[in-house]
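A short worksheet on the structure shown next.
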Amino acid sequence: MKIYSVLFLILSPFFLLAQEKLNFDKKFVYCENKWVALPADTAGSHAYGFVYIDPQAGLTLDVGGWFKIDSNGKYLPKPRENSSSMKYRLQRNNTLIALIPEEKLKELGAKVIPDWLAAYKQDENTTNYLYIRGFTFNAWGECKSALPLLEKAYLKEPDFKRLRPELAYTYNCLDRHEDAIKILKVALEKEPTNAYVNKELIYAQVNNKLIDEAMQTYKSFVQKNNAKNYDAENAYNILSGLYKKKDIKAFNQWLIETDIQNDKRFSKLIEEMKSKLK
């Protein structure tokens with residue numbers, strides 16, 4: 001027993017040091033309503049702040065300031081040069097951040113939950129809030145996390161603006177193309193001129209191996225609408241589907257009908273497909 005006691009006394013400082021260490025293993029999108037620290041700069045200072053959802057702007061970082069960690073593990077905040085608030089709208093990035101332990105927030109002079117957050121939480125049970133959170137996860141490529149939020153919003157208010165195409169995008173992202181097709185057909189009935197909805201529907205049909213339906217969707221939309229935003233992308237997606245089927249006749253016919261091979265964005269890829277089909 002004495003040996004184990006001595007070992008504990010020797011090793012305990014190392015355990016304490018490990019507990020003080022910040023672990024930079026989190027993405028911003030998974031740190032909502034948390035205080036986080038960014039990796040240290042060359043001077044050893046960490047920027048830190050509070051991550052939250054702004055119902056209008058999406059994922060946001062409210063910057064608290066900067067701090068260093070001394071040899072005893074104490075957080076030493078750097079005085080702010082001014083008292084004005086600094087907020088950054090967070091776009092998708094690969095930066096890994098660390099959660100700041102609650103017991104360290106006192107050293108930074110920060111509350112676990114800032115008083116100002118209440119103003120952004122008033123509508124957190126609304127369809128819009130669920131939509132914004134789901135949209136945010138999708139924007140960061142985290143479709144699995146977006147799905148339950150968007151499905152919950154859809155149960156509450158299926159006709160909420162932009163909700164159907166966002167939920168369908170999530171289904172497509174998760175290879176649930178049949179679910180995407182069902183919801184997109186409804187969306188297109190309600191908004192027959194919505195080019196984005198049409199694009200997602202064609203993508204879902206192609207990836208569900210419904211190439212003929214995708215071609216019909218493409219032709220019908222082109223005939224009835226002036227919006228050309230995604231025509232080339234849609235034509236290329238259908239061409240890719242024909243390539244995967246190895247339907248050389250339909251592949252060549254589609255090239256003639258759409259003139260897609262003259263689009264510089266896709267010309268090189270199309271030449272590669274043509275070469276492999278030969």
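Starting from 1 in every chain, residues are counted up; chains themselves are A, B, ... following the order of the structure tokens, and ligands are numbered from 1 as listed.
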Near-Asn33 (chain A) list (7 Å; only C-alpha atoms; drop same-chain fewer than 2 positions) as a tab-separated table (two decimals) with C-alpha atoms, in the first residue's frame:
chain	number	residue	atom	x	y	z
A	31	CYS	CA	-19.67	23.72	-29.57
A	50	PHE	CA	-18.57	31.90	-26.78
A	51	VAL	CA	-20.17	29.98	-29.67
A	52	TYR	CA	-23.90	30.43	-30.24
Practice prompt. With a distance cut-off of 12 Å and only C-alpha atoms, select the neighbouring residues of region 248-255 of chain A, excluding the residue or stretch itself and same-chain residues fewer than 2 positions from it, and output the selection as an MDAnalysis selection string.
Written response: chainID A and resid 211:212 215 218:219 232 234:246 257:263 266:267 270:271 273:278
Discussion item. I'd like the contact shell of region 119-122 of chain A - 10 Å cut-off, only C-alpha atoms, skipping same-chain residues fewer than 4 positions apart - returned as a PyMOL selection string.
Written reply: chain A and resi 52-56+115+126+129
Generate a file of the selected residues that holds N, CA and C atoms, formatted as a PDB file, in the first residue's frame.
ATOM      1  N   TYR A  52     -22.441  30.481 -30.350  1.00  0.00           N
ATOM      2  CA  TYR A  52     -23.902  30.430 -30.241  1.00  0.00           C
ATOM      3  C   TYR A  52     -24.533  30.545 -31.625  1.00  0.00           C
ATOM      4  N   ILE A  53     -25.844  30.303 -31.679  1.00  0.00           N
ATOM      5  CA  ILE A  53     -26.594  30.438 -32.924  1.00  0.00           C
ATOM      6  C   ILE A  53     -27.336  31.767 -32.921  1.00  0.00           C
ATOM      7  N   ASP A  54     -27.055  32.590 -33.911  1.00  0.00           N
ATOM      8  CA  ASP A  54     -27.836  33.789 -34.162  1.00  0.00           C
ATOM      9  C   ASP A  54     -28.933  33.379 -35.150  1.00  0.00           C
ATOM     10  N   PRO A  55     -30.224  33.487 -34.786  1.00  0.00           N
ATOM     11  CA  PRO A  55     -31.297  33.032 -35.673  1.00  0.00           C
ATOM     12  C   PRO A  55     -31.296  33.685 -37.044  1.00  0.00           C
ATOM     13  N   GLN A  56     -30.629  34.823 -37.165  1.00  0.00           N
ATOM     14  CA  GLN A  56     -30.562  35.510 -38.448  1.00  0.00           C
ATOM     15  C   GLN A  56     -29.269  35.198 -39.203  1.00  0.00           C
ATOM     16  N   ASP A 115     -25.152  36.568 -19.927  1.00  0.00           N
ATOM     17  CA  ASP A 115     -26.489  37.145 -19.776  1.00  0.00           C
ATOM     18  C   ASP A 115     -27.112  37.490 -21.126  1.00  0.00           C
ATOM     19  N   THR A 126     -38.872  27.466 -32.084  1.00  0.00           N
ATOM     20  CA  THR A 126     -39.601  27.765 -33.307  1.00  0.00           C
ATOM     21  C   THR A 126     -39.053  26.960 -34.485  1.00  0.00           C
ATOM     22  N   TYR A 129     -35.752  28.453 -35.824  1.00  0.00           N
ATOM     23  CA  TYR A 129     -34.539  28.120 -35.081  1.00  0.00           C
ATOM     24  C   TYR A 129     -34.056  26.711 -35.441  1.00  0.00           C
TER      25      TYR A 129
END
Worksheet item: Among region 16-56 of chain A, which residues carry a DSSP assignment of helix (DSSP H, G or I), reported as a VMD selection string?
Response: chain A and resid 16 to 20 28 to 30
Worksheet item: Taking only C-alpha atoms into account, which of A:Asn225, A:Asn128, A:Ser84, A:Asn138 comes nearest Leu163 (chain A)?
Response: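 Nearest candidate to Leu163 (chain A) out of A:Asn225, A:Asn128, A:Ser84, A:Asn138: A:Asn128.
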Discussion item. As a PyMOL selection string, please: the residues near region 151-160 of chain A (cut-off 10 Å, only C-alpha atoms, same-chain neighbours under 3 positions excluded).
Written reply: chain A and resi 125-131+134+146-148+163-164+167+170+183+187+190
Output file for the residues above (N, CA and C atoms, as an mmCIF file, in the first residue's frame):
data_model
loop_
_atom_site.group_PDB
_atom_site.id
_atom_site.type_symbol
_atom_site.label_atom_id
_atom_site.label_comp_id
_atom_site.auth_asym_id
_atom_site.auth_seq_id
_atom_site.Cartn_x
_atom_site.Cartn_y
_atom_site.Cartn_z
ATOM 1 N N ASN A 125 -37.478 27.298 -29.796
ATOM 2 C CA ASN A 125 -38.412 26.207 -30.069
ATOM 3 C C ASN A 125 -39.217 26.437 -31.343
ATOM 4 N N THR A 126 -38.872 27.466 -32.084
ATOM 5 C CA THR A 126 -39.601 27.765 -33.307
ATOM 6 C C THR A 126 -39.053 26.960 -34.485
ATOM 7 N N THR A 127 -39.842 26.901 -35.533
ATOM 8 C CA THR A 127 -39.410 26.221 -36.753
ATOM 9 C C THR A 127 -38.172 26.889 -37.333
ATOM 10 N N ASN A 128 -38.143 28.218 -37.285
ATOM 11 C CA ASN A 128 -37.007 28.949 -37.847
ATOM 12 C C ASN A 128 -35.707 28.580 -37.144
ATOM 13 N N TYR A 129 -35.752 28.453 -35.824
ATOM 14 C CA TYR A 129 -34.539 28.120 -35.081
ATOM 15 C C TYR A 129 -34.056 26.711 -35.441
ATOM 16 N N LEU A 130 -34.997 25.778 -35.535
ATOM 17 C CA LEU A 130 -34.640 24.412 -35.934
ATOM 18 C C LEU A 130 -34.049 24.410 -37.342
ATOM 19 N N TYR A 131 -34.667 25.208 -38.224
ATOM 20 C CA TYR A 131 -34.170 25.286 -39.605
ATOM 21 C C TYR A 131 -32.744 25.838 -39.644
ATOM 22 N N GLY A 134 -30.292 23.239 -38.416
ATOM 23 C CA GLY A 134 -30.118 22.189 -39.412
ATOM 24 C C GLY A 134 -29.319 22.672 -40.606
ATOM 25 N N ALA A 146 -27.789 17.319 -38.875
ATOM 26 C CA ALA A 146 -28.821 18.211 -39.403
ATOM 27 C C ALA A 146 -30.172 17.514 -39.494
ATOM 28 N N LEU A 147 -30.163 16.229 -39.801
ATOM 29 C CA LEU A 147 -31.392 15.511 -40.119
ATOM 30 C C LEU A 147 -32.468 15.575 -39.030
ATOM 31 N N PRO A 148 -32.178 15.210 -37.763
ATOM 32 C CA PRO A 148 -33.254 15.238 -36.759
ATOM 33 C C PRO A 148 -33.821 16.636 -36.540
ATOM 34 N N LEU A 163 -37.598 25.030 -46.264
ATOM 35 C CA LEU A 163 -37.394 23.827 -45.449
ATOM 36 C C LEU A 163 -37.354 22.554 -46.292
ATOM 37 N N ARG A 164 -38.273 22.404 -47.241
ATOM 38 C CA ARG A 164 -38.287 21.181 -48.045
ATOM 39 C C ARG A 164 -36.972 20.966 -48.803
ATOM 40 N N LEU A 167 -34.205 19.979 -46.324
ATOM 41 C CA LEU A 167 -34.359 18.610 -45.843
ATOM 42 C C LEU A 167 -34.008 17.616 -46.955
ATOM 43 N N THR A 170 -30.378 17.222 -47.306
ATOM 44 C CA THR A 170 -29.867 16.346 -46.255
ATOM 45 C C THR A 170 -30.051 14.881 -46.635
ATOM 46 N N ILE A 183 -40.052 14.410 -51.308
ATOM 47 C CA ILE A 183 -40.231 15.749 -50.760
ATOM 48 C C ILE A 183 -39.985 16.832 -51.811
ATOM 49 N N ALA A 187 -42.275 19.937 -53.295
ATOM 50 C CA ALA A 187 -41.718 21.297 -53.326
ATOM 51 C C ALA A 187 -41.840 21.910 -54.716
ATOM 52 N N LYS A 190 -45.292 23.157 -55.548
ATOM 53 C CA LYS A 190 -45.602 24.429 -54.900
ATOM 54 C C LYS A 190 -44.781 25.577 -55.474
#
Worksheet item: CA of Asp41 (chain A) and CA of Leu59 (chain A) are how many Å apart?
Response: 23.3 Å
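Proximity of A:Leu210, A:Ala47, A:Ala168, A:Val197 to Arg80 (chain A), computed with only C-alpha atoms, is greatest for A:Ala47.
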Worksheet item: region 68-70 of chain A: which residues within 9 Å, counting only C-alpha atoms, same-chain residues fewer than 5 positions away excluded, as an MDAnalysis selection string?
Response: chainID A and resid 40 43:46 75:78
Discussion item. I'd like the neighbourhood of Gly49 (chain A) as a ChimeraX atom specification, where a residue qualifies if any of its atoms comes within 6 Å (using only C-alpha atoms), though same-chain residues fewer than 2 positions away should be ignored.
Written reply: /A:35-36,62-64
Item to complete: Compile the contact shell of Lys104 (chain A) as a PyMOL selection string: residues with an atom at most 10 Å away, counting only C-alpha atoms, same-chain residues fewer than 5 positions apart removed.
Response: chain A and resi 20+73-75+109-110+112
Could those selected residues go to a file with C-alpha atoms, as a PDB file, in the first residue's frame?
ATOM      1  CA  GLU A  20      -5.283  21.535 -17.250  1.00  0.00           C
ATOM      2  CA  GLY A  73      -1.998  25.922 -15.193  1.00  0.00           C
ATOM      3  CA  LYS A  74      -3.628  29.223 -14.282  1.00  0.00           C
ATOM      4  CA  TYR A  75      -5.410  31.155 -17.038  1.00  0.00           C
ATOM      5  CA  GLY A 109     -14.037  36.608 -15.611  1.00  0.00           C
ATOM      6  CA  ALA A 110     -16.689  34.843 -17.713  1.00  0.00           C
ATOM      7  CA  VAL A 112     -20.896  29.833 -17.815  1.00  0.00           C
TER       8      VAL A 112
END
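The nearest approach to Glu102 (chain A) among the residues A:Ser71, A:Pro165, A:Lys34, A:Lys224, with only C-alpha atoms taken into account, belongs to A:Lys34.
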